[in-house]
>>> print(open('input.cif').read())   # mmCIF, C-alpha atoms
data_run
loop_
_atom_site.group_PDB
_atom_site.id
_atom_site.type_symbol
_atom_site.label_atom_id
_atom_site.label_comp_id
_atom_site.auth_asym_id
_atom_site.auth_seq_id
_atom_site.Cartn_x
_atom_site.Cartn_y
_atom_site.Cartn_z
ATOM 1 C CA MET A 805 21.623 12.165 25.294
ATOM 2 C CA ASN A 806 25.213 12.358 24.133
ATOM 3 C CA HIS A 807 26.043 11.174 20.680
ATOM 4 C CA PRO A 808 28.668 8.464 21.156
ATOM 5 C CA ALA A 809 31.991 9.068 19.469
ATOM 6 C CA ALA A 810 31.639 7.150 16.224
ATOM 7 C CA PRO A 811 34.485 4.730 15.588
ATOM 8 C CA ASN A 812 36.311 4.793 12.278
ATOM 9 C CA LEU A 813 34.814 1.448 11.440
ATOM 10 C CA THR A 814 35.947 -0.246 8.215
ATOM 11 C CA VAL A 815 34.699 -3.419 6.592
ATOM 12 C CA ASN A 816 37.921 -5.198 7.544
ATOM 13 C CA ASP A 817 37.060 -4.822 11.230
ATOM 14 C CA LEU A 818 34.083 -7.168 10.851
ATOM 15 C CA ALA A 819 33.325 -10.864 10.551
ATOM 16 C CA VAL A 820 30.073 -12.763 10.182
ATOM 17 C CA GLY A 821 28.654 -13.479 13.641
ATOM 18 C CA ASP A 822 30.035 -10.325 15.295
ATOM 19 C CA ASP A 823 27.642 -8.695 17.769
ATOM 20 C CA LEU A 824 26.942 -4.959 17.659
ATOM 21 C CA PRO A 825 27.080 -3.034 20.937
ATOM 22 C CA VAL A 826 23.687 -2.632 22.640
ATOM 23 C CA MET A 827 21.854 0.725 22.374
ATOM 24 C CA PRO A 828 19.449 1.318 25.282
ATOM 25 C CA LYS A 829 16.277 3.404 24.852
ATOM 26 C CA ASN A 830 13.566 4.427 27.294
ATOM 27 C CA ALA A 831 10.919 6.869 26.027
ATOM 28 C CA THR A 832 9.277 9.398 28.336
ATOM 29 C CA ARG A 833 5.657 10.373 27.695
ATOM 30 C CA ALA A 834 6.965 13.802 26.679
ATOM 31 C CA GLN A 835 9.100 12.166 23.994
ATOM 32 C CA LEU A 836 6.066 10.375 22.558
ATOM 33 C CA PHE A 837 4.230 13.707 22.466
ATOM 34 C CA LEU A 838 7.177 15.368 20.707
ATOM 35 C CA TYR A 839 7.385 12.551 18.167
ATOM 36 C CA SER A 840 3.656 12.823 17.440
ATOM 37 C CA ALA A 841 4.149 16.544 16.834
ATOM 38 C CA ALA A 842 7.339 16.266 14.775
ATOM 39 C CA SER A 843 5.871 13.512 12.565
ATOM 40 C CA PHE A 844 2.408 15.164 12.214
ATOM 41 C CA ASN A 845 0.730 12.092 13.743
ATOM 42 C CA PRO A 846 -2.495 12.791 15.712
ATOM 43 C CA HIS A 847 -3.294 9.094 16.483
ATOM 44 C CA ARG A 848 -4.775 9.080 20.028
ATOM 45 C CA ILE A 849 -3.173 5.793 21.131
ATOM 46 C CA HIS A 850 0.116 7.694 21.464
ATOM 47 C CA TYR A 851 -1.025 10.406 23.944
ATOM 48 C CA ASP A 852 -4.420 9.522 25.480
ATOM 49 C CA ARG A 853 -4.108 6.670 28.002
ATOM 50 C CA ASP A 854 -7.869 6.300 28.519
ATOM 51 C CA TYR A 855 -8.410 6.015 24.795
ATOM 52 C CA ALA A 856 -5.485 3.583 24.373
ATOM 53 C CA GLN A 857 -6.998 1.366 27.107
ATOM 54 C CA PHE A 858 -10.414 1.607 25.411
ATOM 55 C CA GLU A 859 -8.716 0.108 22.337
ATOM 56 C CA GLY A 860 -7.375 -2.699 24.538
ATOM 57 C CA HIS A 861 -3.828 -1.481 25.071
ATOM 58 C CA GLN A 862 -2.123 -1.477 28.468
ATOM 59 C CA ASP A 863 -1.021 2.155 28.147
ATOM 60 C CA ILE A 864 -0.162 4.661 25.426
ATOM 61 C CA LEU A 865 2.113 3.069 22.832
ATOM 62 C CA VAL A 866 5.475 4.004 21.377
ATOM 63 C CA HIS A 867 4.930 4.804 17.681
ATOM 64 C CA GLY A 868 6.061 2.065 15.273
ATOM 65 C CA PRO A 869 7.888 4.645 13.124
ATOM 66 C CA LEU A 870 9.694 6.045 16.217
ATOM 67 C CA GLN A 871 11.042 2.567 16.937
ATOM 68 C CA GLY A 872 12.051 2.392 13.265
ATOM 69 C CA ALA A 873 13.802 5.772 13.539
ATOM 70 C CA TRP A 874 15.635 4.476 16.641
ATOM 71 C CA LEU A 875 16.754 1.508 14.560
ATOM 72 C CA THR A 876 18.188 3.812 11.874
ATOM 73 C CA GLN A 877 19.921 5.802 14.651
ATOM 74 C CA TYR A 878 21.387 2.580 16.049
ATOM 75 C CA LEU A 879 22.839 1.744 12.635
ATOM 76 C CA THR A 880 24.100 5.203 11.632
ATOM 77 C CA ASP A 881 25.766 5.640 15.050
ATOM 78 C CA TRP A 882 27.466 2.265 14.640
ATOM 79 C CA CYS A 883 28.550 2.932 11.021
ATOM 80 C CA GLY A 884 30.232 6.207 11.892
ATOM 81 C CA PRO A 885 30.335 9.325 9.700
ATOM 82 C CA LYS A 886 31.887 7.598 6.669
ATOM 83 C CA GLY A 887 29.513 4.644 6.679
ATOM 84 C CA ARG A 888 26.174 4.708 4.869
ATOM 85 C CA LEU A 889 22.910 3.027 5.793
ATOM 86 C CA THR A 890 21.600 1.671 2.476
ATOM 87 C CA GLY A 891 18.590 -0.326 3.592
ATOM 88 C CA VAL A 892 16.574 -1.380 6.606
ATOM 89 C CA THR A 893 13.462 -3.471 7.283
ATOM 90 C CA TRP A 894 11.557 -3.907 10.509
ATOM 91 C CA GLN A 895 8.372 -5.577 11.699
ATOM 92 C CA ASN A 896 6.439 -4.123 14.640
ATOM 93 C CA ARG A 897 5.374 -7.433 16.242
ATOM 94 C CA ALA A 898 4.503 -6.380 19.787
ATOM 95 C CA SER A 899 3.749 -3.042 21.444
ATOM 96 C CA ALA A 900 6.464 -0.967 23.110
ATOM 97 C CA LEU A 901 5.461 1.097 26.144
ATOM 98 C CA PRO A 902 6.834 4.396 27.491
ATOM 99 C CA GLU A 903 8.988 4.429 30.655
ATOM 100 C CA THR A 904 10.205 0.929 29.795
ATOM 101 C CA ASP A 905 13.805 -0.152 29.219
ATOM 102 C CA LEU A 906 14.306 -1.221 25.611
ATOM 103 C CA GLU A 907 17.434 -2.514 23.899
ATOM 104 C CA PHE A 908 18.579 -2.441 20.289
ATOM 105 C CA ARG A 909 20.851 -5.309 19.337
ATOM 106 C CA GLY A 910 22.403 -6.626 16.145
ATOM 107 C CA LYS A 911 24.596 -9.227 14.557
ATOM 108 C CA VAL A 912 26.652 -9.242 11.340
ATOM 109 C CA THR A 913 25.256 -11.762 8.822
ATOM 110 C CA ALA A 914 27.300 -11.015 5.663
ATOM 111 C CA VAL A 915 30.471 -9.097 4.825
ATOM 112 C CA ASP A 916 31.746 -8.214 1.349
ATOM 113 C CA SER A 917 35.269 -6.878 1.818
ATOM 114 C CA ALA A 918 35.515 -5.946 -1.889
ATOM 115 C CA THR A 919 32.558 -3.516 -1.857
ATOM 116 C CA GLY A 920 32.261 -2.673 1.845
ATOM 117 C CA ASP A 921 28.676 -3.940 1.918
ATOM 118 C CA VAL A 922 27.642 -5.476 5.238
ATOM 119 C CA GLU A 923 24.336 -7.153 6.115
ATOM 120 C CA LEU A 924 22.940 -7.339 9.614
ATOM 121 C CA GLU A 925 20.216 -8.928 11.648
ATOM 122 C CA VAL A 926 18.877 -6.297 14.056
ATOM 123 C CA TRP A 927 16.146 -6.205 16.637
ATOM 124 C CA GLU A 928 14.549 -4.288 19.496
ATOM 125 C CA GLN A 929 13.804 -6.199 22.673
ATOM 126 C CA THR A 930 12.692 -5.605 26.236
ATOM 127 C CA ALA A 931 15.235 -5.901 29.061
ATOM 128 C CA ASP A 932 13.979 -9.444 29.755
ATOM 129 C CA GLY A 933 14.501 -10.543 26.173
ATOM 130 C CA GLN A 934 11.077 -10.308 24.476
ATOM 131 C CA VAL A 935 11.691 -9.312 20.846
ATOM 132 C CA LEU A 936 9.317 -6.468 19.938
ATOM 133 C CA MET A 937 10.706 -5.573 16.538
ATOM 134 C CA PRO A 938 12.883 -7.854 14.411
ATOM 135 C CA GLY A 939 14.572 -6.472 11.323
ATOM 136 C CA THR A 940 17.429 -6.513 8.863
ATOM 137 C CA ALA A 941 19.807 -3.854 7.616
ATOM 138 C CA LYS A 942 22.381 -3.154 4.931
ATOM 139 C CA VAL A 943 25.232 -0.717 5.375
ATOM 140 C CA ARG A 944 28.204 0.259 3.235
ATOM 141 C CA LEU A 945 31.437 0.811 5.151
ATOM 142 C CA PRO A 946 34.780 2.278 4.099
ATOM 143 C CA LEU A 947 37.245 -0.269 2.750
ATOM 144 C CA GLY A 948 40.053 -1.044 5.195
ATOM 145 C CA MET B 334 -18.766 -18.410 2.977
ATOM 146 C CA THR B 335 -17.718 -15.183 4.652
ATOM 147 C CA GLU B 336 -17.396 -11.993 2.704
ATOM 148 C CA SER B 337 -13.868 -10.946 1.793
ATOM 149 C CA LEU B 338 -12.434 -8.018 3.773
ATOM 150 C CA ILE B 339 -11.306 -6.573 0.458
ATOM 151 C CA PRO B 340 -14.026 -5.132 -1.784
ATOM 152 C CA PRO B 341 -13.391 -5.859 -5.491
ATOM 153 C CA GLU B 342 -12.982 -2.172 -6.348
ATOM 154 C CA THR B 343 -10.146 -1.951 -3.788
ATOM 155 C CA LEU B 344 -8.463 -5.094 -5.122
ATOM 156 C CA ALA B 345 -8.419 -3.434 -8.532
ATOM 157 C CA LEU B 346 -6.197 -0.672 -7.091
ATOM 158 C CA VAL B 347 -3.161 -2.915 -6.564
ATOM 159 C CA GLY B 348 -0.275 -1.355 -8.485
ATOM 160 C CA GLU B 349 -2.081 1.970 -8.838
ATOM 161 C CA PRO B 350 -1.044 5.394 -7.443
ATOM 162 C CA LEU B 351 -2.838 6.212 -4.153
ATOM 163 C CA SER B 352 -2.907 9.973 -4.636
ATOM 164 C CA ASP B 353 -1.294 12.722 -6.654
ATOM 165 C CA PRO B 354 2.440 13.167 -6.034
ATOM 166 C CA VAL B 355 3.348 15.547 -3.179
ATOM 167 C CA THR B 356 6.318 17.901 -3.491
ATOM 168 C CA VAL B 357 7.954 19.443 -0.424
ATOM 169 C CA VAL B 358 11.172 21.288 0.468
ATOM 170 C CA ILE B 359 13.160 19.641 3.288
ATOM 171 C CA ASP B 360 13.141 22.261 6.029
ATOM 172 C CA GLN B 361 16.084 22.470 8.427
ATOM 173 C CA ARG B 362 14.014 23.275 11.520
ATOM 174 C CA GLU B 363 11.468 20.533 10.857
ATOM 175 C CA ALA B 364 14.239 17.990 10.222
ATOM 176 C CA GLN B 365 16.034 19.016 13.424
ATOM 177 C CA ARG B 366 12.781 18.962 15.428
ATOM 178 C CA TYR B 367 12.302 15.390 14.179
ATOM 179 C CA ALA B 368 15.891 14.454 15.149
ATOM 180 C CA HIS B 369 15.325 15.826 18.655
ATOM 181 C CA ALA B 370 12.019 13.963 18.980
ATOM 182 C CA VAL B 371 13.791 10.713 18.061
ATOM 183 C CA GLY B 372 16.694 11.541 20.377
ATOM 184 C CA ASP B 373 19.097 11.163 17.432
ATOM 185 C CA LEU B 374 21.627 13.964 17.839
ATOM 186 C CA ASN B 375 23.996 12.908 15.075
ATOM 187 C CA PRO B 376 26.078 16.017 14.236
ATOM 188 C CA ILE B 377 25.422 15.567 10.479
ATOM 189 C CA TYR B 378 21.869 16.865 11.177
ATOM 190 C CA PHE B 379 23.024 19.943 13.144
ATOM 191 C CA ASP B 380 26.597 20.925 12.234
ATOM 192 C CA GLU B 381 27.409 21.858 8.662
ATOM 193 C CA ALA B 382 31.139 21.186 9.154
ATOM 194 C CA ALA B 383 30.425 17.699 10.524
ATOM 195 C CA ALA B 384 28.121 16.975 7.571
ATOM 196 C CA THR B 385 30.655 18.045 4.939
ATOM 197 C CA ALA B 386 33.478 16.213 6.779
ATOM 198 C CA ALA B 387 31.322 13.075 6.530
ATOM 199 C CA GLY B 388 31.046 13.545 2.749
ATOM 200 C CA TYR B 389 27.658 15.266 2.463
ATOM 201 C CA ARG B 390 27.015 18.449 0.459
ATOM 202 C CA THR B 391 25.385 20.130 3.455
ATOM 203 C CA LEU B 392 23.220 19.168 6.468
ATOM 204 C CA VAL B 393 21.192 16.008 5.930
ATOM 205 C CA ALA B 394 17.822 14.949 7.340
ATOM 206 C CA PRO B 395 17.431 11.824 9.539
ATOM 207 C CA PRO B 396 16.775 8.831 7.238
ATOM 208 C CA THR B 397 13.049 8.362 7.853
ATOM 209 C CA PHE B 398 12.154 12.084 8.040
ATOM 210 C CA VAL B 399 11.467 12.080 4.294
ATOM 211 C CA SER B 400 8.310 10.009 4.876
ATOM 212 C CA HIS B 401 6.897 12.592 7.322
ATOM 213 C CA ALA B 402 7.854 15.817 5.528
ATOM 214 C CA PRO B 403 5.200 15.393 2.781
ATOM 215 C CA VAL B 404 2.270 14.900 5.217
ATOM 216 C CA PRO B 405 -0.169 17.659 4.238
ATOM 217 C CA PRO B 406 -1.629 20.126 6.755
ATOM 218 C CA ARG B 407 -5.275 19.153 7.407
ATOM 219 C CA PRO B 408 -8.143 20.612 9.439
ATOM 220 C CA MET B 409 -9.115 19.175 12.837
ATOM 221 C CA GLU B 410 -12.610 18.526 11.501
ATOM 222 C CA ALA B 411 -11.033 15.755 9.411
ATOM 223 C CA LEU B 412 -10.004 13.793 12.540
ATOM 224 C CA ARG B 413 -11.827 10.592 13.418
ATOM 225 C CA GLU B 414 -12.497 9.547 17.025
ATOM 226 C CA ASP B 415 -9.242 7.581 17.117
ATOM 227 C CA GLY B 416 -7.299 10.682 16.103
ATOM 228 C CA LEU B 417 -6.465 9.439 12.619
ATOM 229 C CA TYR B 418 -7.442 11.537 9.646
ATOM 230 C CA LEU B 419 -10.358 10.440 7.556
ATOM 231 C CA THR B 420 -8.644 8.539 4.812
ATOM 232 C CA ALA B 421 -7.896 10.704 1.832
ATOM 233 C CA ASP B 422 -6.785 7.834 -0.346
ATOM 234 C CA ARG B 423 -8.805 5.171 -2.037
ATOM 235 C CA ILE B 424 -8.053 1.987 -0.062
ATOM 236 C CA LYS B 425 -11.471 0.958 1.273
ATOM 237 C CA LEU B 426 -11.538 -2.230 3.371
ATOM 238 C CA ARG B 427 -14.216 -3.917 5.469
ATOM 239 C CA VAL B 428 -12.184 -3.503 8.683
ATOM 240 C CA ASP B 429 -12.245 -1.423 11.894
ATOM 241 C CA ARG B 430 -8.583 -0.907 12.694
ATOM 242 C CA ILE B 431 -5.320 -0.549 10.877
ATOM 243 C CA MET B 432 -2.108 -1.114 12.838
ATOM 244 C CA PHE B 433 1.349 -0.123 11.691
ATOM 245 C CA GLY B 434 3.056 -3.425 10.893
ATOM 246 C CA GLY B 435 6.526 -2.297 9.909
ATOM 247 C CA GLU B 436 8.482 -0.784 7.107
ATOM 248 C CA GLU B 437 11.128 -1.576 4.500
ATOM 249 C CA TRP B 438 13.479 1.118 3.211
ATOM 250 C CA ASP B 439 16.028 1.514 0.452
ATOM 251 C CA PHE B 440 18.201 4.558 1.090
ATOM 252 C CA VAL B 441 19.715 5.333 -2.309
ATOM 253 C CA GLU B 442 21.070 8.890 -1.973
ATOM 254 C CA PRO B 443 21.231 11.307 0.966
ATOM 255 C CA VAL B 444 18.358 13.744 1.560
ATOM 256 C CA HIS B 445 19.877 17.187 2.201
ATOM 257 C CA VAL B 446 18.257 20.137 3.914
ATOM 258 C CA GLY B 447 16.907 22.349 1.135
ATOM 259 C CA ASP B 448 16.250 19.482 -1.274
ATOM 260 C CA THR B 449 12.908 19.455 -3.072
ATOM 261 C CA ILE B 450 11.452 15.975 -2.659
ATOM 262 C CA THR B 451 8.512 14.521 -4.556
ATOM 263 C CA ALA B 452 6.760 11.577 -2.917
ATOM 264 C CA GLN B 453 4.600 9.261 -5.004
ATOM 265 C CA ALA B 454 2.722 6.504 -3.167
ATOM 266 C CA ARG B 455 1.141 3.475 -4.751
ATOM 267 C CA LEU B 456 -0.614 0.393 -3.451
ATOM 268 C CA ALA B 457 2.037 -2.287 -3.961
ATOM 269 C CA ALA B 458 0.162 -5.280 -2.498
ATOM 270 C CA LEU B 459 -3.006 -6.317 -0.707
ATOM 271 C CA ASP B 460 -3.265 -9.825 0.782
ATOM 272 C CA GLU B 461 -6.016 -11.314 2.897
ATOM 273 C CA LYS B 462 -4.627 -13.745 5.495
ATOM 274 C CA ASP B 463 -5.862 -15.898 8.357
ATOM 275 C CA GLY B 464 -4.206 -15.035 11.660
ATOM 276 C CA SER B 465 -4.557 -16.346 15.210
ATOM 277 C CA LYS B 466 -6.950 -13.422 15.911
ATOM 278 C CA GLY B 467 -8.998 -14.003 12.743
ATOM 279 C CA PRO B 468 -8.699 -12.806 9.172
ATOM 280 C CA PHE B 469 -6.714 -9.691 8.383
ATOM 281 C CA VAL B 470 -5.479 -7.788 5.377
ATOM 282 C CA ARG B 471 -1.801 -6.966 4.899
ATOM 283 C CA THR B 472 -1.437 -3.750 2.923
ATOM 284 C CA VAL B 473 1.826 -2.589 1.359
ATOM 285 C CA ARG B 474 2.033 1.100 0.497
ATOM 286 C CA GLU B 475 5.163 1.801 -1.524
ATOM 287 C CA THR B 476 6.424 5.372 -1.772
ATOM 288 C CA THR B 477 9.178 6.569 -4.086
ATOM 289 C CA TYR B 478 11.006 9.754 -3.118
ATOM 290 C CA THR B 479 12.665 11.725 -5.928
ATOM 291 C CA ASN B 480 14.767 14.894 -5.593
ATOM 292 C CA GLN B 481 15.014 18.088 -7.667
ATOM 293 C CA ASP B 482 17.545 16.398 -9.975
ATOM 294 C CA GLU B 483 15.031 13.614 -10.689
ATOM 295 C CA VAL B 484 17.191 11.158 -8.758
ATOM 296 C CA VAL B 485 15.364 8.548 -6.670
ATOM 297 C CA VAL B 486 16.727 9.119 -3.160
ATOM 298 C CA ALA B 487 14.682 6.534 -1.260
ATOM 299 C CA ARG B 488 11.880 3.993 -1.448
ATOM 300 C CA SER B 489 9.724 2.902 1.467
ATOM 301 C CA ARG B 490 7.276 0.035 1.749
ATOM 302 C CA GLN B 491 4.950 0.589 4.689
ATOM 303 C CA ILE B 492 3.158 -2.495 5.973
ATOM 304 C CA GLY B 493 -0.346 -2.078 7.401
ATOM 305 C CA ILE B 494 -2.259 -4.783 9.285
ATOM 306 C CA ALA B 495 -6.005 -4.181 8.887
ATOM 307 C CA ARG B 496 -8.592 -6.253 10.775
#
>>> encode(input="input.cif", output="structure tokens")
Amino acid sequence: MNHPAAPNLTVNDLAVGDDLPVMPKNATRAQLFLYSAASFNPHRIHYDRDYAQFEGHQDILVHGPLQGAWLTQYLTDWCGPKGRLTGVTWQNRASALPETDLEFRGKVTAVDSATGDVELEVWEQTADGQVLMPGTAKVRLPLG
Amino acid sequence: MTESLIPPETLALVGEPLSDPVTVVIDQREAQRYAHAVGDLNPIYFDEAAATAAGYRTLVAPPTFVSHAPVPPRPMEALREDGLYLTADRIKLRVDRIMFGGEEWDFVEPVHVGDTITAQARLAALDEKDGSKGPFVRTVRETTYTNQDEVVVARSRQIGIAR
């Protein structure tokens, strides 16, 4: 995946209510395996479909922390190199499955043009609009 | 009256450390392996010039990598049937399953490759609740990450749903 050219976003470019651009994600089974390995996570529900179904899941599941890491990627990509992600929260409400189109979306909820601090409502949803992971974020952007 | 899912000795742990602090050096290859596994190819994780141009001292690690770097190596014999490790900490609950419920992070200072990070986890909260699928316990495990200069670089609060 190509890293999108980060814009030179400043706090003056933003207003409450602005929408962030959508970031699509779709995890292969190989990616789930690699994330299990890179995060030292041997939980079987992420690589063994029979076991995941025994626990009542439809398929193997995308790790909650991988979806959280995608959320931080969504925000740091949007902020650009001079922006800083200062806080994030997320709730894993419903399971995300591999080989499924997912979307990260966000909206500006507060802007402080004196400090550059911006607050956001962010979430991960399926292509048909089911919210899997709601959250919030704080970033600090360069002053305009 | 049904028995609480939280034994009294576990309730007494709220506010207490969950284990000894763990100290680890942030390794460039592990941090980059993590970035690739996420699919987050931000140049500040891979290109020193891009990292310094963005105002960092050197390469940085992806934001949430710091919570995975301190995970200790453990033998396969310590795996349960579900693949999780037998719990090394002291939270004992009368439940079968713990699901990852979410996380809250404060990112205070950047975590650079080569930094020495000490992670200290404590049990921040334990609440028994009634959900649509029956009673459950919400656990909050708060970890503070401190660097070699004794600066707190990040705090995470990991939410567990145990039922």
>>> residues_around(input="input.cif", residues="Trp894 (chain A)", least_positions_apart="6", cutoff="9 Å", atoms="only C-alpha atoms", output="list in words")
Gly872, Leu875, Val926, Trp927, Met937, Pro938, Gly939, Thr940 and Ala941 of chain A; Gly434, Gly435, Glu436 and Glu437 of chain B
>>> interface_residues(input="input.cif", of="chain A", to="chain B", cutoff="6 Å", atoms="only C-alpha atoms", output="PyMOL selection string")
chain A and resi 807+838-839+842-843+846-848+885-886+890-896
>>> write_last_selection(input="input.cif", atoms="C-alpha atoms", output="PDB file, keeping the file's coordinate frame")
ATOM      1  CA  HIS A 807      26.043  11.174  20.680  1.00  0.00           C
ATOM      2  CA  LEU A 838       7.177  15.368  20.707  1.00  0.00           C
ATOM      3  CA  TYR A 839       7.385  12.551  18.167  1.00  0.00           C
ATOM      4  CA  ALA A 842       7.339  16.266  14.775  1.00  0.00           C
ATOM      5  CA  SER A 843       5.871  13.512  12.565  1.00  0.00           C
ATOM      6  CA  PRO A 846      -2.495  12.791  15.712  1.00  0.00           C
ATOM      7  CA  HIS A 847      -3.294   9.094  16.483  1.00  0.00           C
ATOM      8  CA  ARG A 848      -4.775   9.080  20.028  1.00  0.00           C
ATOM      9  CA  PRO A 885      30.335   9.325   9.700  1.00  0.00           C
ATOM     10  CA  LYS A 886      31.887   7.598   6.669  1.00  0.00           C
ATOM     11  CA  THR A 890      21.600   1.671   2.476  1.00  0.00           C
ATOM     12  CA  GLY A 891      18.590  -0.326   3.592  1.00  0.00           C
ATOM     13  CA  VAL A 892      16.574  -1.380   6.606  1.00  0.00           C
ATOM     14  CA  THR A 893      13.462  -3.471   7.283  1.00  0.00           C
ATOM     15  CA  TRP A 894      11.557  -3.907  10.509  1.00  0.00           C
ATOM     16  CA  GLN A 895       8.372  -5.577  11.699  1.00  0.00           C
ATOM     17  CA  ASN A 896       6.439  -4.123  14.640  1.00  0.00           C
TER      18      ASN A 896
END
>>> atom_distance(input="input.cif", atom1="CA of Gln862 (chain A)", atom2="CA of Gln877 (chain A)")
27.0 Å
>>> residues_around(input="input.cif", residues="Val347 (chain B)", least_positions_apart="5", cutoff="8 Å", atoms="only C-alpha atoms", output="list in words")
Arg455, Leu456, Ala457, Ala458 and Leu459 of chain B
>>> residues_around(input="input.cif", residues="region 350-354 of chain B", least_positions_apart="6", cutoff="10 Å", atoms="only C-alpha atoms", output="PyMOL selection string")
chain B and resi 403+421-424+451-457+474-478
>>> closest_residue(input="input.cif", among="A:Glu928, A:Glu903, A:Asp921, A:Asp916", to="Gln835 (chain A)", atoms="all atoms listed in the file")
A:Glu903
>>> residues_around(input="input.cif", residues="Phe908 (chain A)", least_positions_apart="2", cutoff="9 Å", atoms="all atoms listed in the file", output="JSON, numbers by chain")
{"A": [825, 826, 827, 828, 829, 874, 875, 878, 906, 910, 926, 927, 928, 929, 930]}
>>> residues_around(input="input.cif", residues="Leu945 (chain A)", least_positions_apart="5", cutoff="12 Å", atoms="all atoms listed in the file", output="list in words")
Pro811, Asn812, Leu813, Thr814, Val815, Asn816, Asp817, Leu818, Leu879, Thr880, Trp882, Cys883, Gly884, Pro885, Lys886, Gly887, Arg888, Leu889, Thr890, Val915, Asp916, Ser917, Ala918, Thr919, Gly920, Asp921, Val922 and Glu923 of chain A
>>> axis_aligned_box(input="input.cif", around="region 467-478 of chain B", padding_each_side="4 Å", output="AutoDock Vina command-line options")
--center_x 1.0 --center_y -2.1 --center_z 4.3 --size_x 28.0 --size_y 31.8 --size_z 24.8
>>> build_atoms(input="input.cif", residues="region 810-827 of chain A", atoms="N, CA and C atoms", output="PDB file, in the frame of the given file")
ATOM      1  N   ALA A 810      31.739   8.223  17.207  1.00  0.00           N
ATOM      2  CA  ALA A 810      31.639   7.150  16.224  1.00  0.00           C
ATOM      3  C   ALA A 810      33.033   6.606  15.935  1.00  0.00           C
ATOM      4  N   PRO A 811      33.177   5.307  15.908  1.00  0.00           N
ATOM      5  CA  PRO A 811      34.485   4.730  15.588  1.00  0.00           C
ATOM      6  C   PRO A 811      34.741   4.840  14.084  1.00  0.00           C
ATOM      7  N   ASN A 812      36.000   4.798  13.713  1.00  0.00           N
ATOM      8  CA  ASN A 812      36.311   4.793  12.278  1.00  0.00           C
ATOM      9  C   ASN A 812      36.254   3.357  11.778  1.00  0.00           C
ATOM     10  N   LEU A 813      35.035   2.842  11.772  1.00  0.00           N
ATOM     11  CA  LEU A 813      34.814   1.448  11.440  1.00  0.00           C
ATOM     12  C   LEU A 813      35.086   1.219   9.955  1.00  0.00           C
ATOM     13  N   THR A 814      35.795   0.143   9.620  1.00  0.00           N
ATOM     14  CA  THR A 814      35.947  -0.246   8.215  1.00  0.00           C
ATOM     15  C   THR A 814      35.461  -1.686   8.087  1.00  0.00           C
ATOM     16  N   VAL A 815      35.246  -2.087   6.839  1.00  0.00           N
ATOM     17  CA  VAL A 815      34.699  -3.419   6.592  1.00  0.00           C
ATOM     18  C   VAL A 815      35.653  -4.504   7.088  1.00  0.00           C
ATOM     19  N   ASN A 816      36.942  -4.187   7.110  1.00  0.00           N
ATOM     20  CA  ASN A 816      37.921  -5.198   7.544  1.00  0.00           C
ATOM     21  C   ASN A 816      37.878  -5.477   9.044  1.00  0.00           C
ATOM     22  N   ASP A 817      37.175  -4.604   9.786  1.00  0.00           N
ATOM     23  CA  ASP A 817      37.060  -4.822  11.230  1.00  0.00           C
ATOM     24  C   ASP A 817      36.020  -5.882  11.569  1.00  0.00           C
ATOM     25  N   LEU A 818      35.274  -6.367  10.562  1.00  0.00           N
ATOM     26  CA  LEU A 818      34.083  -7.168  10.851  1.00  0.00           C
ATOM     27  C   LEU A 818      34.179  -8.584  10.331  1.00  0.00           C
ATOM     28  N   ALA A 819      33.477  -9.486  11.014  1.00  0.00           N
ATOM     29  CA  ALA A 819      33.325 -10.864  10.551  1.00  0.00           C
ATOM     30  C   ALA A 819      31.879 -11.292  10.803  1.00  0.00           C
ATOM     31  N   VAL A 820      31.417 -12.222   9.986  1.00  0.00           N
ATOM     32  CA  VAL A 820      30.073 -12.763  10.182  1.00  0.00           C
ATOM     33  C   VAL A 820      29.966 -13.336  11.601  1.00  0.00           C
ATOM     34  N   GLY A 821      28.860 -12.994  12.276  1.00  0.00           N
ATOM     35  CA  GLY A 821      28.654 -13.479  13.641  1.00  0.00           C
ATOM     36  C   GLY A 821      28.997 -12.446  14.700  1.00  0.00           C
ATOM     37  N   ASP A 822      29.703 -11.368  14.314  1.00  0.00           N
ATOM     38  CA  ASP A 822      30.035 -10.325  15.295  1.00  0.00           C
ATOM     39  C   ASP A 822      28.758  -9.692  15.840  1.00  0.00           C
ATOM     40  N   ASP A 823      28.767  -9.402  17.144  1.00  0.00           N
ATOM     41  CA  ASP A 823      27.642  -8.695  17.769  1.00  0.00           C
ATOM     42  C   ASP A 823      27.904  -7.196  17.744  1.00  0.00           C
ATOM     43  N   LEU A 824      26.840  -6.413  17.523  1.00  0.00           N
ATOM     44  CA  LEU A 824      26.942  -4.959  17.659  1.00  0.00           C
ATOM     45  C   LEU A 824      26.772  -4.604  19.129  1.00  0.00           C
ATOM     46  N   PRO A 825      27.337  -3.469  19.561  1.00  0.00           N
ATOM     47  CA  PRO A 825      27.080  -3.034  20.937  1.00  0.00           C
ATOM     48  C   PRO A 825      25.590  -2.718  21.125  1.00  0.00           C
ATOM     49  N   VAL A 826      25.109  -2.864  22.341  1.00  0.00           N
ATOM     50  CA  VAL A 826      23.687  -2.632  22.640  1.00  0.00           C
ATOM     51  C   VAL A 826      23.424  -1.125  22.754  1.00  0.00           C
ATOM     52  N   MET A 827      22.299  -0.665  22.169  1.00  0.00           N
ATOM     53  CA  MET A 827      21.854   0.725  22.374  1.00  0.00           C
ATOM     54  C   MET A 827      20.592   0.703  23.235  1.00  0.00           C
TER      55      MET A 827
END
